[in-house]
Structure formats: structure tokens, C-alpha cells
>>> print(open('data_11.txt').read())   # compact mmCIF, C-alpha atoms and all ligand atoms
# COMPACT_ATOMS: atom_id res chain seq x y z
CA MET H 1 115.69 43.70 86.42
CA GLU H 2 113.09 44.32 89.07
CA ILE H 3 113.23 42.74 92.53
CA SER H 4 110.11 42.58 94.68
CA LEU H 5 110.66 43.65 98.27
CA ALA H 6 107.52 41.96 99.66
CA GLU H 7 109.38 38.99 101.19
CA VAL H 8 112.12 41.05 102.83
CA PHE H 9 109.59 43.55 104.15
CA ALA H 10 107.72 40.60 105.73
CA ASN H 11 110.79 38.76 107.05
CA GLU H 12 113.71 40.50 108.68
CA GLY H 13 117.10 38.77 108.21
CA VAL H 14 115.90 36.36 105.53
CA LYS H 15 117.70 36.34 102.18
CA LYS H 16 115.72 36.67 98.99
CA PHE H 17 117.76 35.44 96.03
CA PHE H 18 117.44 36.79 92.51
CA GLU H 19 118.92 35.97 89.14
CA PHE H 20 118.72 37.78 85.79
CA ASP H 21 120.18 36.94 82.42
CA GLU H 22 119.25 39.62 79.92
CA PHE H 23 120.47 42.37 77.67
CA PRO H 24 119.83 45.89 78.97
CA LYS H 25 117.31 48.00 77.05
CA GLU H 26 120.19 50.14 75.87
CA ASP H 27 123.22 48.09 74.82
CA ARG H 28 125.48 50.87 73.55
CA PHE H 29 127.18 53.42 75.74
CA GLU H 30 129.39 56.39 75.25
CA PHE H 31 132.36 56.16 77.59
CA ASN H 32 135.19 58.75 77.41
CA GLY H 33 134.53 59.21 73.70
CA GLU H 34 134.56 55.47 73.04
CA GLU H 35 131.42 53.65 71.90
CA LEU H 36 130.92 50.52 73.97
CA ARG H 37 128.60 47.68 73.08
CA ILE H 38 127.34 44.98 75.41
CA LEU H 39 128.02 41.68 73.62
CA LYS H 40 126.58 39.17 76.11
CA PRO H 41 123.52 39.27 78.33
CA LEU H 42 124.11 40.70 81.80
CA GLN H 43 124.23 37.75 84.19
CA VAL H 44 123.29 39.23 87.52
CA SER H 45 122.74 37.08 90.59
CA GLY H 46 122.68 37.73 94.30
CA TYR H 47 120.35 38.38 97.18
CA ILE H 48 118.72 41.10 99.22
CA ILE H 49 118.28 41.00 102.99
CA ARG H 50 116.64 43.45 105.39
CA TYR H 51 117.71 44.49 108.88
CA GLU H 52 115.41 47.08 110.42
CA GLU H 53 114.96 49.84 107.85
CA LYS H 54 117.93 48.93 105.67
CA ILE H 55 118.06 46.49 102.78
CA SER H 56 121.46 45.23 101.65
CA LEU H 57 121.96 43.92 98.18
CA GLN H 58 124.91 41.70 97.21
CA MET H 59 125.40 40.63 93.63
CA GLY H 60 127.79 39.32 91.04
CA ILE H 61 127.71 40.76 87.52
CA LYS H 62 129.10 39.01 84.44
CA THR H 63 129.03 40.20 80.87
CA SER H 64 131.25 40.96 77.93
CA ILE H 65 131.82 44.34 76.32
CA GLN H 66 133.18 45.35 72.95
CA ARG H 67 136.04 47.80 73.42
CA ILE H 68 138.39 49.58 71.05
CA CYS H 69 142.09 49.06 71.76
CA SER H 70 143.66 52.40 72.67
CA ARG H 71 146.89 51.54 70.80
CA CYS H 72 145.87 49.71 67.60
CA LEU H 73 142.20 50.79 67.39
CA THR H 74 141.01 47.21 66.86
CA ALA H 75 137.76 46.05 68.44
CA PHE H 76 138.13 43.35 71.07
CA GLU H 77 136.03 41.76 73.79
CA GLU H 78 136.59 42.63 77.46
CA SER H 79 135.12 40.17 79.96
CA ILE H 80 133.53 41.57 83.07
CA ASP H 81 133.17 39.54 86.27
CA ILE H 82 132.62 41.75 89.28
CA MET H 83 130.97 41.80 92.69
CA ALA H 84 128.99 44.73 94.02
CA ASN H 85 126.96 45.62 97.06
CA PHE H 86 124.54 48.41 97.81
CA THR H 87 122.34 49.51 100.68
CA PHE H 88 118.79 50.72 100.21
CA GLY H 89 116.92 52.74 102.81
CA LYS H 90 113.38 51.63 103.50
CA ASP H 91 112.71 54.80 105.43
CA ASN H 92 113.27 57.67 103.01
CA LYS H 93 112.91 60.26 105.77
CA ASP H 94 116.19 59.05 107.20
CA ALA H 95 118.75 61.36 105.59
CA ASP H 96 121.40 58.70 105.10
CA ASN H 97 123.52 59.45 102.05
CA ASP H 98 124.98 55.96 101.88
CA SER H 99 121.71 54.31 101.04
CA ILE H 100 119.62 54.46 97.90
CA PRO H 101 116.03 55.47 98.62
CA ILE H 102 113.24 53.00 97.90
CA TYR H 103 110.02 54.10 96.25
CA GLY H 104 107.28 51.51 96.26
CA ASP H 105 107.56 47.79 96.91
CA SER H 106 110.25 46.82 94.43
CA ILE H 107 113.65 47.98 93.26
CA VAL H 108 114.85 48.21 89.66
CA ILE H 109 118.57 47.59 89.41
CA ASP H 110 119.30 48.10 85.68
CA GLU H 111 120.90 51.49 86.19
CA ILE H 112 123.11 50.53 89.15
CA VAL H 113 124.27 47.38 87.31
CA ILE H 114 125.29 49.38 84.22
CA ASP H 115 126.95 52.09 86.33
CA GLU H 116 128.87 49.44 88.23
CA VAL H 117 130.07 47.79 85.01
CA LEU H 118 131.17 51.15 83.56
CA SER H 119 133.03 52.02 86.76
CA GLN H 120 135.03 48.76 86.60
CA ILE H 121 136.10 48.58 82.94
CA SER H 122 139.65 49.55 82.04
CA MET H 123 140.31 53.21 81.35
CA LYS H 124 143.00 52.43 78.79
CA PRO H 125 141.70 49.37 76.96
CA LEU H 126 144.33 47.15 75.31
CA CYS H 127 143.60 44.19 73.02
CA ASN H 128 146.72 42.61 74.52
CA THR H 129 149.09 43.92 77.20
CA ASP H 130 151.91 43.94 74.65
CA CYS H 131 149.94 45.37 71.73
CA ASN H 132 152.39 46.97 69.26
CA GLY H 133 150.01 49.69 68.13
CA LEU H 134 149.92 51.44 64.76
CA CYS H 135 152.79 52.83 62.74
CA PRO H 136 152.56 56.64 63.17
CA ILE H 137 153.53 57.15 59.51
CA CYS H 138 151.55 54.66 57.41
CA GLY H 139 149.03 53.41 59.98
CA THR H 140 149.94 49.71 59.60
CA ASN H 141 148.75 47.61 62.53
CA LYS H 142 152.12 46.39 63.81
CA ASN H 143 150.51 43.37 65.47
CA LEU H 144 149.73 42.07 61.98
CA GLY H 145 152.93 42.92 60.14
CA GLN H 146 155.84 45.28 59.77
CA CYS H 147 156.07 48.21 57.39
CA ASP H 148 159.14 49.82 55.83
CA CYS H 149 158.76 53.20 57.44
CA VAL H 150 161.84 54.66 59.04
CA ILE H 151 161.05 56.85 61.96
CA ASP H 152 163.49 59.73 61.83
CA GLU H 153 163.90 60.74 65.43
CA VAL H 154 165.96 63.88 64.95
CA ASP H 155 165.73 66.49 67.66
CA PRO H 156 164.11 69.60 66.03
CA ARG H 157 166.74 71.83 67.72
CA LEU H 158 169.50 69.90 65.92
CA GLU H 159 167.60 70.33 62.64
CA ILE H 160 167.85 74.12 63.01
CA LEU H 161 171.55 73.90 63.77
CA LYS H 162 172.07 71.65 60.75
CA SER H 163 170.30 74.09 58.41
CA LEU H 164 172.39 76.97 59.76
CA LEU H 165 175.61 75.03 59.17
CA GLU H 166 174.49 74.18 55.64
CA LYS H 167 174.09 77.88 54.78
CA GLU H 168 177.71 78.66 55.55
ZN ZN R 1 145.78 46.70 70.30
ZN ZN R 2 154.66 52.40 58.56
>>> encode(input="data_11.txt", output="C-alpha cells")
Amino acid sequence: MEISLAEVFANEGVKKFFEFDEFPKEDRFEFNGEELRILKPLQVSGYIIRYEEKISLQMGIKTSIQRICSRCLTAFEESIDIMANFTFGKDNKDADNDSIPIYGDSIVIDEIVIDEVLSQISMKPLCNTDCNGLCPICGTNKNLGQCDCVIDEVDPRLEILKSLLEKE
């Protein structure tokens, strides 16, 4: 995903539109111990525009990512549809921390697109907001069926008391 800057360097205040529809070179990512996989091409579209030494980039990013539900551990697809904007500095001598420096006459946006997607995905992925999770005893996925486990929720302090009483 490379955007030539020639037109915006030549024309101040004129939008140059771009559109990409492709899988990134790397389609698997490690994210908080979870392995993510990009399932659909990254649809990235937007424009760049230059005012003086600054180039602004506005874009929309759409894709779909395979996640693992944090409750039932089932793989599901999370749709991504986000907007992002960035500023690039044409003059690298200008020590402006808000803008991304430009080297050469084009910008490659693969990395900022992926970083933006990873910063917007849910931290606690759920296949469904009311996912029932797994049985802590037998591991049955409780979205698919019930098991016969009885969860004995006895307070451990009462257990000690009970065993003391039994000794007497
Ligand atoms: Zn789930
Ligand atoms: Zn069970």
C-alpha cells in the first residue's frame, strides 16, 4: 500500500484519492497472547492533501479478523470498520512529534493500517455478548448444551469448620 506524493507535492490543497484492497504480507498477528488472523482483504480508501509542509491522510479501513472468544474459546469473526487520520511532515527537520516523517516521494501505509486495526479491536473478544462460556468442571461449551456437573460452591472456611465438627 504505497501512495505517491508527487501530485500533492505539486499541488497544495488538492486531494489525491487512493484505494487498496489486499491482504497484508503478514496475515497473522500475536495480540495479548492470542493469535489473530486476517480473514478478508484490507479495504483501505481515503485521500491525502498537503498544506505547506504537512500532508494529512484520511482513510477508512474495513476488514475481518478471526478472534478467539475469551469465554468459550471458539473462533469467530470480528468485523472491523474504522476511520483513521494521520499527519505526515514533509520537512523532517521540523521536530514535530505529531507528524510521521516522510522519506522519499511516497508513503507506505501497511504498518499504520495494521497498527490502527490492532488498536481498535476488542480487548476481551466475545463470540456473542451473552456467551455462556465453558463449564469449569468438564469443559462443555455451554452455548451448545448443558452438562450434569454440579458446581459445589462451599466456602472453604466452612469446609474446615465442618471437618472439625465431624471429628468430635
Ligand atoms: Zn463465546
Ligand atoms: Zn460440566
>>> residues_near_ligand(input="data_11.txt", ligand="ligand ZN 2 (chain R)", cutoff="9 Å", atoms="only C-alpha atoms and all ligand atoms", output="list in words")
Leu134, Cys135, Pro136, Ile137, Cys138, Gly139, Thr140, Asn141, Lys142, Gln146, Cys147, Asp148, Cys149, Val150 and Ile151 of chain H
>>> closest_residue(input="data_11.txt", among="H:Ile102, H:Leu144, H:Ile38, H:Ile114", to="ligand ZN 1 (chain R)", atoms="only C-alpha atoms and all ligand atoms")
H:Leu144
>>> residues_near_ligand(input="data_11.txt", ligand="ligand ZN 1 (chain R)", cutoff="6 Å", atoms="all atoms listed in the file", output="PyMOL selection string")
chain H and resi 69+71-72+74+126-128+131+133
>>> atom_distance(input="data_11.txt", atom1="CA of Ala6 (chain H)", atom2="CA of Val44 (chain H)")
20.1 Å
>>> closest_residue(input="data_11.txt", among="H:Asn32, H:Ser106, H:Thr87, H:Ser45", to="Glu7 (chain H)", atoms="all atoms listed in the file")
H:Ser106
>>> build_atoms(input="data_11.txt", residues="region 100-121 of chain H", atoms="N, CA and C atoms", output="compact mmCIF listing (two decimals), in the frame of the given file")
# COMPACT_ATOMS: atom_id res chain seq x y z
N ILE H 100 120.43 54.05 99.05
CA ILE H 100 119.62 54.46 97.90
C ILE H 100 118.17 54.42 98.34
N PRO H 101 117.42 55.50 98.15
CA PRO H 101 116.03 55.47 98.62
C PRO H 101 115.16 54.48 97.85
N ILE H 102 114.17 53.96 98.52
CA ILE H 102 113.24 53.00 97.90
C ILE H 102 111.90 53.71 97.71
N TYR H 103 111.36 53.57 96.52
CA TYR H 103 110.02 54.10 96.25
C TYR H 103 109.17 52.91 95.85
N GLY H 104 108.16 52.64 96.61
CA GLY H 104 107.28 51.51 96.26
C GLY H 104 107.76 50.21 96.84
N ASP H 105 107.27 49.09 96.30
CA ASP H 105 107.56 47.79 96.91
C ASP H 105 108.47 46.91 96.05
N SER H 106 109.25 47.58 95.19
CA SER H 106 110.25 46.82 94.43
C SER H 106 111.41 47.76 94.10
N ILE H 107 112.53 47.16 93.72
CA ILE H 107 113.65 47.98 93.26
C ILE H 107 114.04 47.51 91.85
N VAL H 108 114.42 48.49 91.03
CA VAL H 108 114.85 48.21 89.66
C VAL H 108 116.35 48.47 89.63
N ILE H 109 117.12 47.45 89.26
CA ILE H 109 118.57 47.59 89.41
C ILE H 109 119.33 47.81 88.10
N ASP H 110 118.62 47.94 86.98
CA ASP H 110 119.30 48.10 85.68
C ASP H 110 120.37 49.19 85.71
N GLU H 111 119.99 50.35 86.23
CA GLU H 111 120.90 51.49 86.19
C GLU H 111 122.14 51.27 87.08
N ILE H 112 121.94 50.72 88.29
CA ILE H 112 123.11 50.53 89.15
C ILE H 112 124.03 49.43 88.60
N VAL H 113 123.44 48.44 87.91
CA VAL H 113 124.27 47.38 87.31
C VAL H 113 125.13 47.97 86.21
N ILE H 114 124.54 48.76 85.32
CA ILE H 114 125.29 49.38 84.22
C ILE H 114 126.36 50.34 84.77
N ASP H 115 125.98 51.15 85.75
CA ASP H 115 126.95 52.09 86.33
C ASP H 115 128.12 51.35 86.95
N GLU H 116 127.83 50.23 87.59
CA GLU H 116 128.87 49.44 88.23
C GLU H 116 129.82 48.85 87.18
N VAL H 117 129.25 48.34 86.09
CA VAL H 117 130.07 47.79 85.01
C VAL H 117 130.97 48.88 84.43
N LEU H 118 130.39 50.06 84.16
CA LEU H 118 131.17 51.15 83.56
C LEU H 118 132.26 51.67 84.50
N SER H 119 132.02 51.54 85.82
CA SER H 119 133.03 52.02 86.76
C SER H 119 134.19 51.02 86.91
N GLN H 120 134.00 49.79 86.42
CA GLN H 120 135.03 48.76 86.60
C GLN H 120 135.83 48.44 85.33
N ILE H 121 135.39 48.91 84.17
CA ILE H 121 136.10 48.58 82.94
C ILE H 121 137.41 49.38 82.87
